[in-house]
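Asker: Pasting in a structure now, in structure tokens, and then I'll have a few things to ask.
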Amino acid sequence: MRPPSPSIPEKEFTYDALKHSLRLDGRDQLELRTPTITFGPELGWVECSYGKTRVIAHVQAKMVKPPPERPFDGIISIHSEISPMASVDYELGRPSEEEVTITRMLDKILRRSDAIDKESLCILAGQRVWHLRLTVHFLADAGNMLDCACLAGIIAFKHFRRPEVEVIGHEVTVHSPDERAPVPLAIHHTPFCITFAFFPDPATRPVVDPSLLEQRLSAGVLSIALNAQREICVLQKAGGVPTAPDELLRLLNVAVNLAKDLDKLVEVRLREDWAGRKIEVR
């Protein structure tokens, strides 16, 4: 179903406010909605929210046989679906353009950027590797679901612990959490996605983390995936709005500062959650 277009008064009022550097939710143009991170009872279960945009990410692991062309690499797969629960604009079984874009971007950011060391997922070369499956559920769409889903996905991987494995010859023994403490994943870097929305009037400056109304009124978006070390993983520009090189560099510097803030927030929340958990080895 095609989302309904905003009314003419909504458009005029929003465009006029943005020209005066004002946003309807009171934020500055380059200010994120405060992310909220909630951990579930299981390791690898995370709920993230940007304002009223809510996403759940869950990581599961199982042992499989690797493909013959990559006998030493583990497997990472990402599955996401936007159900009518998130918004009435989406239908089951009919992926929307936004859903396809989000799935592709998550694959590029979390899997193809080598954020997770795939070789560390190998148990027995050519015989057994770990297959990590990240499932993303969208609970509510209030704009900018991509950034929220990316944040939930990378936190779920950092929060997840796989079972300890012992290999003797060709015999593989998987120890339960009661016998040996689970092992965290080997993560090379932590990418975050920052999205900017551009508007038809060149006099209107771009805004970060657009709301649903701002997203629908935008003439294009720029999504930058990068980590706190200033390494760009993915840069995608959707829409025909021309952007000057100086403006692009300015937005990149803004994205770097926001990524550093998100990295600090994630590390603090992970430490808080880990301090409250009890892992007993009998």
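Naming works like this for the structure tokens: A, B, ... for the chains as they're shown, residue 1 at the start of each chain, ligands 1 onward in shown order.
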List every residue of range 58-148 of chain A that has an atom at most 12 Å from any atom of range 32-39 of chain A, giving for each one its closest atom pair and the distance in Å to one decimal, counting only C-alpha atoms, sorted by chain and then by ascending residue number, as a Markdown table.

Answerer:
| residue | atom | partner | partner_atom | distance |
| --- | --- | --- | --- | --- |
| A:His58 | CA | A:Phe39 | CA | 10.2 |
| A:Ala142 | CA | A:Arg33 | CA | 11.2 |
| A:Gly143 | CA | A:Arg33 | CA | 10.8 |
| A:Asn144 | CA | A:Arg33 | CA | 10.4 |
| A:Asp147 | CA | A:Pro35 | CA | 10.3 |
| A:Cys148 | CA | A:Pro35 | CA | 8.3 |

Asker: Write out as a ChimeraX atom specification each polymer residue whose atoms come within 7 Å of Arg161 in chain A, counting only C-alpha atoms; drop sequence neighbours fewer than 2 positions from it.

Answerer: /A:43,159,163,182-185

Asker: Within range 34-238 of chain A, find each residue whose DSSP state, derived from the backbone, is helix (DSSP H, G or I), and express the selection as a ChimeraX atom specification.

Answerer: /A:97-112,119-121,145-159,212-217

Asker: Need to verify the contact set: Thr14 in chain A, 12 Å, only C-alpha atoms, exclusion of same-chain residues closer than 4 positions in sequence. Can you return it as a PyMOL selection string?

Answerer: chain A and resi 6-10+18-25+199+204+211-218

Asker: A:Ile168, A:Ile76, A:Leu132, A:Val268: which is nearest Arg111 in chain A, counting only C-alpha atoms?

Answerer: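 Answer, going by the shortest atom-to-atom distance: A:Ile76.
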
Asker: Which one is closest to Ala219 in chain A: A:Tyr15, A:Cys150, A:Phe72, A:Ala181? Count only C-alpha atoms.

Answerer: A:Tyr15

Asker: Might you pull out every residue within 12 Å of Val46 in chain A, with only C-alpha atoms counted and same-chain residues fewer than 6 positions away left off, and present them as an MDAnalysis selection string?

Answerer: chainID A and resid 36:40 54:59 134:137 148:160 266 269:270 273
